[in-house]
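S.K.: Questions regarding the structure given below will be posed in turn.
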Amino acid sequence: MTQTADSSAAPDGKQMLSERVYVLLRDAIMRGAYAPGTPLKPQELAKEHQVSLAVVREALVRVVGEGLADRLPNRGFAVPDFSDLRWQEIAEARRTVEPLVLRMAIERGDVDWEARVRAAHHRLARTPAFAPEEGEYFSAAWAEAHRVFHRTLLEGCGNTVLLGTFDRLWTASELARRWSAHRTPERDFLAEHRALEEATVARDADTAADLLIRHLTLTAAGLTSCTHEGTPEGP
């Protein structure tokens with residue numbers, strides 16, 4: 001009887017294998033290796049990564065927890081589809097919460113916070129958005145710089161509960177954000193982020209909040225005209 005790579009692994013070994021498969025699967029989804037709506041078949045993944053079904057299922061559960069895959073009743077796992085209502089609901093939640101938190105940050109933030117906003121924007125503006133070796137979506141470095149910039153904008157609020165809400169919504173919307181950017185290559189992200197930074201540091205709460213709402217709305221709108229063919233439209 002042929003054994004899989006982890007059939008006799010100790011608990012720590014199995015955990016390491018599961019972590020490896022999770023990272024590889026997450027990265028593959030993020031870089032567009034799996035088209036929207038694509039089934040994620042445990043048997044095929046186990047064969048591909050030479051691990052057991054138990055290891056693959058554990059990794060898939062983690063990916064589902066991050067909103068990067070769905071667990072469908074009697075149908076297994078799959079990458080979410082463009083048309084999934086969750087993307088618009090998450091966008092609505094972000095448009096409701098984040099502008100209010102940004103207003104609080106502008107009211108409460110000190111000079112050190114302003115400096116962090118400037119630094120985060122500088123890093124974002126200087127980080128290449130795409131890397132050929134990482135596929136057709138945002139590079140990992142740019143995606144992280146993007147997250148740090150948006151979070152830094154809000155950190156001046158001083159409320160850890162609200163920042164925790166931002167963290168959860170950000171993680172839940174990461175896949176939709178990458179899809180949307182790929183579908184709207186004409187967007188000037190540099191200009192949007194620069195205007196947002198300038199209004200925030202100028203303590204213009206009304207303008208900053210309006211710019212953030214528009215920024216989030218454009219991201220959500222990038223998915224509303226999608227096709228159902230299973231692949232993003234090219235630039």
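Residue numbering restarts at 1 for every chain of the structure tokens, chains are lettered A, B, ... in their displayed order, and ligands are numbered from 1 as they appear.
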Name the residues in contact with Val201 of chain A at a cut-off of 10 Å, using only C-alpha atoms, excluding same-chain residues fewer than 2 positions from it; report them as a compact mmCIF listing (two decimals) with all heavy atoms, in the first residue's frame.

M.R.:
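And here is the file that came out, out_16.txt:
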# COMPACT_ATOMS: atom_id res chain seq x y z
N ILE A 106 -8.20 61.64 12.28
CA ILE A 106 -7.83 63.02 11.95
C ILE A 106 -8.03 63.93 13.16
O ILE A 106 -7.25 64.85 13.42
CB ILE A 106 -8.63 63.51 10.73
CG1 ILE A 106 -8.15 62.77 9.47
CG2 ILE A 106 -8.51 65.01 10.57
CD1 ILE A 106 -8.99 63.02 8.24
N GLY A 109 -5.36 62.06 16.04
CA GLY A 109 -3.98 61.71 15.71
C GLY A 109 -2.99 62.83 16.01
O GLY A 109 -3.30 64.02 15.85
N VAL A 111 1.31 64.32 15.86
CA VAL A 111 2.30 64.56 14.82
C VAL A 111 3.04 63.27 14.45
O VAL A 111 3.37 63.05 13.29
CB VAL A 111 3.31 65.64 15.27
CG1 VAL A 111 4.43 65.79 14.25
CG2 VAL A 111 2.61 66.97 15.46
N TRP A 113 1.76 60.34 14.39
CA TRP A 113 0.84 59.62 13.49
C TRP A 113 0.93 60.20 12.08
O TRP A 113 0.99 59.45 11.09
CB TRP A 113 -0.59 59.70 14.02
CG TRP A 113 -1.62 59.30 13.02
CD1 TRP A 113 -1.90 58.05 12.55
CD2 TRP A 113 -2.53 60.19 12.33
NE1 TRP A 113 -2.91 58.09 11.63
CE2 TRP A 113 -3.32 59.38 11.48
CE3 TRP A 113 -2.75 61.56 12.39
CZ2 TRP A 113 -4.31 59.93 10.66
CZ3 TRP A 113 -3.74 62.10 11.57
CH2 TRP A 113 -4.50 61.29 10.72
N GLU A 114 0.96 61.53 11.98
CA GLU A 114 1.11 62.16 10.66
C GLU A 114 2.37 61.66 9.96
O GLU A 114 2.36 61.36 8.76
CB GLU A 114 1.19 63.68 10.80
CG GLU A 114 -0.11 64.37 11.13
CD GLU A 114 0.04 65.88 11.13
OE1 GLU A 114 1.08 66.37 10.63
OE2 GLU A 114 -0.85 66.56 11.64
N ALA A 115 3.46 61.58 10.72
CA ALA A 115 4.72 61.12 10.14
C ALA A 115 4.62 59.68 9.66
O ALA A 115 5.16 59.32 8.60
CB ALA A 115 5.84 61.25 11.17
N VAL A 117 1.88 58.21 8.62
CA VAL A 117 1.05 58.24 7.40
C VAL A 117 1.92 58.62 6.20
O VAL A 117 1.85 57.98 5.14
CB VAL A 117 -0.12 59.23 7.56
CG1 VAL A 117 -0.82 59.45 6.21
CG2 VAL A 117 -1.12 58.72 8.59
N ARG A 118 2.74 59.65 6.38
CA ARG A 118 3.65 60.06 5.30
C ARG A 118 4.59 58.92 4.90
O ARG A 118 4.78 58.64 3.71
CB ARG A 118 4.49 61.26 5.76
CG ARG A 118 3.73 62.54 5.95
CD ARG A 118 3.53 63.27 4.64
NE ARG A 118 3.09 64.63 4.83
CZ ARG A 118 2.51 65.36 3.91
NH1 ARG A 118 2.28 64.82 2.72
NH2 ARG A 118 2.14 66.60 4.14
N LEU A 153 -3.53 55.06 8.19
CA LEU A 153 -4.48 56.17 8.11
C LEU A 153 -5.43 56.16 9.30
O LEU A 153 -5.79 57.22 9.84
CB LEU A 153 -5.30 56.08 6.82
CG LEU A 153 -4.63 56.44 5.50
CD1 LEU A 153 -5.58 56.16 4.36
CD2 LEU A 153 -4.20 57.90 5.49
N LEU A 196 -5.59 60.92 -0.87
CA LEU A 196 -6.06 60.49 0.44
C LEU A 196 -5.05 60.86 1.52
O LEU A 196 -5.43 61.34 2.60
CB LEU A 196 -6.29 58.98 0.41
CG LEU A 196 -6.99 58.31 1.59
CD1 LEU A 196 -8.30 59.00 1.93
CD2 LEU A 196 -7.23 56.84 1.26
N GLU A 197 -3.78 60.65 1.23
CA GLU A 197 -2.74 61.02 2.20
C GLU A 197 -2.72 62.52 2.44
O GLU A 197 -2.64 62.99 3.59
CB GLU A 197 -1.38 60.55 1.69
CG GLU A 197 -0.21 60.88 2.62
CD GLU A 197 0.84 61.76 1.97
OE1 GLU A 197 0.65 62.13 0.79
OE2 GLU A 197 1.82 62.09 2.65
N GLU A 198 -2.79 63.29 1.38
CA GLU A 198 -2.70 64.75 1.51
C GLU A 198 -3.88 65.32 2.29
O GLU A 198 -3.70 66.18 3.17
CB GLU A 198 -2.63 65.38 0.12
CG GLU A 198 -1.31 65.12 -0.60
CD GLU A 198 -1.31 65.63 -2.03
OE1 GLU A 198 -2.39 66.04 -2.51
OE2 GLU A 198 -0.23 65.61 -2.67
N ALA A 199 -5.07 64.84 2.02
CA ALA A 199 -6.24 65.33 2.75
C ALA A 199 -6.18 64.94 4.22
O ALA A 199 -6.57 65.72 5.10
CB ALA A 199 -7.52 64.79 2.11
N ARG A 203 -5.60 67.45 7.66
CA ARG A 203 -6.69 67.43 8.65
C ARG A 203 -8.01 67.88 8.04
O ARG A 203 -8.87 68.45 8.71
CB ARG A 203 -6.35 68.30 9.86
CG ARG A 203 -5.01 67.98 10.52
CD ARG A 203 -5.08 66.73 11.35
NE ARG A 203 -3.78 66.38 11.93
CZ ARG A 203 -3.61 65.67 13.03
NH1 ARG A 203 -4.66 65.21 13.69
NH2 ARG A 203 -2.41 65.39 13.48
N ASP A 204 -8.18 67.59 6.76
CA ASP A 204 -9.44 67.90 6.07
C ASP A 204 -10.31 66.64 6.12
O ASP A 204 -10.31 65.82 5.20
CB ASP A 204 -9.15 68.30 4.63
CG ASP A 204 -10.40 68.77 3.88
OD1 ASP A 204 -11.52 68.51 4.38
OD2 ASP A 204 -10.25 69.35 2.80
N ALA A 205 -11.06 66.49 7.21
CA ALA A 205 -11.80 65.26 7.46
C ALA A 205 -12.87 65.00 6.41
O ALA A 205 -13.07 63.86 5.99
CB ALA A 205 -12.42 65.30 8.85
N ALA A 208 -11.14 63.89 3.14
CA ALA A 208 -10.51 62.58 3.31
C ALA A 208 -11.56 61.48 3.35
O ALA A 208 -11.39 60.43 2.72
CB ALA A 208 -9.68 62.57 4.60

S.K.: Report as a list of chain:residue names all protein, DNA and RNA residues lying within 8 Å of Trp87 of chain A, evaluated on only C-alpha atoms, omitting residues in the same chain fewer than 5 positions from it.

M.R.: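 The filter keeps A:Ser173, A:Ala176, A:Ala220.
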
S.K.: Would you mind exporting C-alpha atoms of the selected residues as a PDB file, in the first residue's frame?

M.R.:
ATOM      1  CA  SER A 173     -11.756  41.641   1.028  1.00  0.00           C
ATOM      2  CA  ALA A 176     -11.905  40.881  -4.296  1.00  0.00           C
ATOM      3  CA  ALA A 220     -16.350  47.145  -5.369  1.00  0.00           C
TER       4      ALA A 220
END

S.K.: Atom CA of Asp84 of chain A to atom CA of Arg31 of chain A: how many Å, to one decimal?

M.R.: 19.1 Å

S.K.: Write out as a VMD selection string the residues lying within 8 Å of Ala141 of chain A, counting only C-alpha atoms and excluding same-chain residues fewer than 4 positions away.

M.R.: chain A and resid 127 to 129 145

S.K.: For those residues, write N, CA and C atoms to a file as a short mmCIF file (atom, residue, chain, number, x, y, z; two decimals), in the first residue's frame.

M.R.:
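Written out: again-v2.cif:
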data_model
loop_
_atom_site.label_atom_id
_atom_site.label_comp_id
_atom_site.auth_asym_id
_atom_site.auth_seq_id
_atom_site.Cartn_x
_atom_site.Cartn_y
_atom_site.Cartn_z
N THR A 127 6.84 51.21 -4.06
CA THR A 127 6.83 49.75 -4.19
C THR A 127 6.14 49.35 -5.50
N PRO A 128 6.81 48.58 -6.36
CA PRO A 128 6.18 48.15 -7.62
C PRO A 128 4.90 47.35 -7.35
N ALA A 129 3.86 47.67 -8.08
CA ALA A 129 2.57 47.00 -7.86
C ALA A 129 2.55 45.58 -8.42
N ALA A 145 2.34 46.75 1.55
CA ALA A 145 2.49 48.19 1.67
C ALA A 145 1.13 48.89 1.59
#

S.K.: I need the residue nearest Trp142 of chain A from this list: A:Arg178, A:Arg103, A:Arg194, A:Arg108. Use only C-alpha atoms for the distance.

M.R.: A:Arg178

S.K.: Could you tell me which of A:Leu17, A:Ala195, A:Leu24, A:Leu169 comes closest to Glu98 of chain A if we count only C-alpha atoms?

M.R.: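 Closest to Glu98 of chain A, using only C-alpha atoms: A:Leu169.
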
S.K.: At what distance in Å, to one decimal, does atom CA of Leu68 of chain A lie from atom CA of Leu211 of chain A?

M.R.: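 These atoms are spaced 27.4 Å apart.
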
S.K.: Please, which residues of segment 20-225 of chain A, numbered as in this document, come out strand (DSSP E or B) from DSSP, as a list in words?

M.R.: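 Selecting the strand (DSSP E or B) positions of segment 20-225 of chain A gives Pro39, Leu40, Asp70, Arg71, Leu72, Gly76, Phe77 and Ala78 of chain A.
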
S.K.: Env of Arg75 of chain A: 12 Å cut, atoms = only C-alpha atoms, seq-sep filter 5 positions within chain, self excluded. Answer as a list in words.

M.R.: Thr38, Pro39, Leu40, Lys41, Pro42 and Asp70 of chain A

S.K.: Can you measure atom CA of Thr160 of chain A to atom CA of Ala202 of chain A for me? One decimal in Å is fine.

M.R.: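 Separating atom CA of Thr160 of chain A from atom CA of Ala202 of chain A is a distance of 23.8 Å.
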
S.K.: A:Arg95, A:Thr200, A:Gly37, A:Leu175: which is nearest Glu107 of chain A, counting only C-alpha atoms?

M.R.: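 Of all the options, A:Thr200 lies closest to Glu107 of chain A.
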
S.K.: Could you please write out, as a VMD selection string, every residue of chain A that DSSP assigns to alpha helix (DSSP H)?

M.R.: chain A and resid 11 to 30 42 to 49 53 to 65 85 to 108 111 to 126 140 to 155 160 to 183 189 to 201 205 to 224

S.K.: For the residues in that selection, give me C-alpha atoms as a short mmCIF file (atom, residue, chain, number, x, y, z; two decimals), in the first residue's frame.

M.R.:
data_model
loop_
_atom_site.label_atom_id
_atom_site.label_comp_id
_atom_site.auth_asym_id
_atom_site.auth_seq_id
_atom_site.Cartn_x
_atom_site.Cartn_y
_atom_site.Cartn_z
CA PRO A 11 1.60 15.85 15.14
CA ASP A 12 4.21 18.60 14.75
CA GLY A 13 5.20 17.21 11.36
CA LYS A 14 1.61 17.12 10.20
CA GLN A 15 1.14 20.71 11.34
CA MET A 16 4.19 21.78 9.35
CA LEU A 17 2.88 20.01 6.26
CA SER A 18 -0.51 21.63 6.68
CA GLU A 19 1.14 25.05 7.06
CA ARG A 20 3.14 24.49 3.88
CA VAL A 21 0.09 23.44 1.86
CA TYR A 22 -1.91 26.34 3.28
CA VAL A 23 0.74 28.89 2.29
CA LEU A 24 1.09 27.42 -1.22
CA LEU A 25 -2.67 27.27 -1.73
CA ARG A 26 -3.24 30.77 -0.38
CA ASP A 27 -0.51 32.21 -2.60
CA ALA A 28 -1.87 30.37 -5.64
CA ILE A 29 -5.36 31.80 -5.12
CA MET A 30 -3.97 35.29 -4.51
CA PRO A 42 -8.88 17.72 -1.92
CA GLN A 43 -7.89 14.52 -3.72
CA GLU A 44 -6.14 16.41 -6.51
CA LEU A 45 -4.44 18.79 -4.08
CA ALA A 46 -3.26 15.89 -1.93
CA LYS A 47 -1.73 14.22 -5.00
CA GLU A 48 -0.17 17.47 -6.20
CA HIS A 49 1.47 18.23 -2.84
CA LEU A 53 -6.34 14.28 2.57
CA ALA A 54 -6.35 15.24 6.26
CA VAL A 55 -3.51 17.70 5.72
CA VAL A 56 -5.19 19.20 2.66
CA ARG A 57 -8.55 19.58 4.39
CA GLU A 58 -6.91 21.32 7.33
CA ALA A 59 -5.25 23.77 4.94
CA LEU A 60 -8.52 24.30 3.06
CA VAL A 61 -10.39 25.08 6.26
CA ARG A 62 -7.86 27.83 7.00
CA VAL A 63 -8.24 29.26 3.50
CA VAL A 64 -12.04 29.22 3.92
CA GLY A 65 -11.62 31.07 7.22
CA LEU A 85 -22.83 38.90 -2.76
CA ARG A 86 -20.23 38.93 0.03
CA TRP A 87 -17.94 41.30 -1.90
CA GLN A 88 -20.58 44.00 -2.07
CA GLU A 89 -21.56 43.43 1.56
CA ILE A 90 -17.95 43.72 2.69
CA ALA A 91 -17.55 46.87 0.60
CA GLU A 92 -20.68 48.34 2.18
CA ALA A 93 -19.35 47.53 5.64
CA ARG A 94 -16.01 49.16 4.86
CA ARG A 95 -17.68 52.27 3.42
CA THR A 96 -19.73 52.52 6.61
CA VAL A 97 -16.95 51.95 9.13
CA GLU A 98 -13.67 53.22 7.71
CA PRO A 99 -14.62 56.84 6.87
CA LEU A 100 -15.90 57.29 10.43
CA VAL A 101 -12.71 55.84 11.87
CA LEU A 102 -10.65 58.07 9.58
CA ARG A 103 -12.51 61.11 10.90
CA MET A 104 -11.66 60.01 14.43
CA ALA A 105 -8.01 59.53 13.45
CA ILE A 106 -7.83 63.02 11.95
CA GLU A 107 -9.35 64.47 15.12
CA ARG A 108 -7.20 62.51 17.57
CA VAL A 111 2.30 64.56 14.82
CA ASP A 112 3.92 61.13 15.13
CA TRP A 113 0.84 59.62 13.49
CA GLU A 114 1.11 62.16 10.66
CA ALA A 115 4.72 61.12 10.14
CA ARG A 116 3.73 57.45 10.00
CA VAL A 117 1.05 58.24 7.40
CA ARG A 118 3.65 60.06 5.30
CA ALA A 119 6.12 57.19 5.62
CA ALA A 120 3.51 54.54 4.80
CA HIS A 121 2.44 56.44 1.70
CA HIS A 122 6.04 56.91 0.59
CA ARG A 123 6.66 53.18 0.89
CA LEU A 124 3.48 52.38 -1.04
CA ALA A 125 4.30 54.85 -3.83
CA ARG A 126 7.81 53.43 -4.21
CA ALA A 140 3.07 40.52 -2.22
CA ALA A 141 5.27 43.49 -1.34
CA TRP A 142 2.80 46.01 -2.80
CA ALA A 143 -0.19 44.29 -1.19
CA GLU A 144 1.49 44.56 2.21
CA ALA A 145 2.49 48.19 1.67
CA HIS A 146 -1.10 48.89 0.63
CA ARG A 147 -2.48 47.28 3.79
CA VAL A 148 -0.04 49.18 6.01
CA PHE A 149 -0.96 52.51 4.38
CA HIS A 150 -4.69 52.06 4.87
CA ARG A 151 -4.26 50.81 8.42
CA THR A 152 -1.89 53.64 9.32
CA LEU A 153 -4.48 56.17 8.11
CA LEU A 154 -6.86 54.84 10.76
CA GLU A 155 -4.42 54.20 13.61
CA THR A 160 -8.07 48.93 19.11
CA VAL A 161 -11.56 47.46 18.66
CA LEU A 162 -12.18 49.55 15.56
CA LEU A 163 -8.74 48.73 14.21
CA GLY A 164 -9.46 45.04 14.79
CA THR A 165 -12.62 45.45 12.73
CA PHE A 166 -10.56 47.00 9.95
CA ASP A 167 -8.13 44.07 10.07
CA ARG A 168 -10.93 41.51 9.69
CA LEU A 169 -12.63 43.38 6.85
CA TRP A 170 -9.31 43.88 5.07
CA THR A 171 -8.47 40.18 5.17
CA ALA A 172 -11.98 39.28 4.00
CA SER A 173 -11.76 41.64 1.03
CA GLU A 174 -8.20 40.91 -0.16
CA LEU A 175 -9.20 38.56 -2.96
CA ALA A 176 -11.90 40.88 -4.30
CA ARG A 177 -9.44 43.77 -4.16
CA ARG A 178 -6.98 41.91 -6.38
CA TRP A 179 -9.65 40.84 -8.83
CA SER A 180 -11.06 44.36 -9.03
CA ALA A 181 -7.68 45.96 -9.73
CA HIS A 182 -7.02 43.46 -12.50
CA ARG A 183 -10.35 44.31 -14.10
CA PHE A 189 -4.09 54.09 -7.70
CA LEU A 190 -1.11 56.36 -7.15
CA ALA A 191 -3.26 59.47 -7.51
CA GLU A 192 -6.03 58.07 -5.31
CA HIS A 193 -3.64 57.22 -2.49
CA ARG A 194 -1.74 60.49 -2.81
CA ALA A 195 -4.95 62.53 -2.56
CA LEU A 196 -6.06 60.49 0.44
CA GLU A 197 -2.74 61.02 2.20
CA GLU A 198 -2.70 64.75 1.51
CA ALA A 199 -6.24 65.33 2.75
CA THR A 200 -5.58 63.27 5.88
CA VAL A 201 -2.37 65.07 6.84
CA ALA A 205 -11.80 65.26 7.46
CA ASP A 206 -14.64 65.86 5.01
CA THR A 207 -12.44 65.55 1.93
CA ALA A 208 -10.51 62.58 3.31
CA ALA A 209 -13.71 60.71 4.17
CA ASP A 210 -15.21 61.42 0.74
CA LEU A 211 -12.03 60.26 -1.00
CA LEU A 212 -11.96 57.06 1.02
CA ILE A 213 -15.60 56.30 0.21
CA ARG A 214 -14.92 56.83 -3.50
CA HIS A 215 -11.78 54.68 -3.30
CA LEU A 216 -13.68 51.80 -1.72
CA THR A 217 -16.64 52.20 -4.09
CA LEU A 218 -14.43 51.95 -7.17
CA THR A 219 -12.94 48.72 -5.86
CA ALA A 220 -16.35 47.14 -5.37
CA ALA A 221 -17.55 48.43 -8.74
CA GLY A 222 -14.73 46.58 -10.45
CA LEU A 223 -16.55 43.31 -9.79
CA THR A 224 -20.12 44.25 -10.63
#
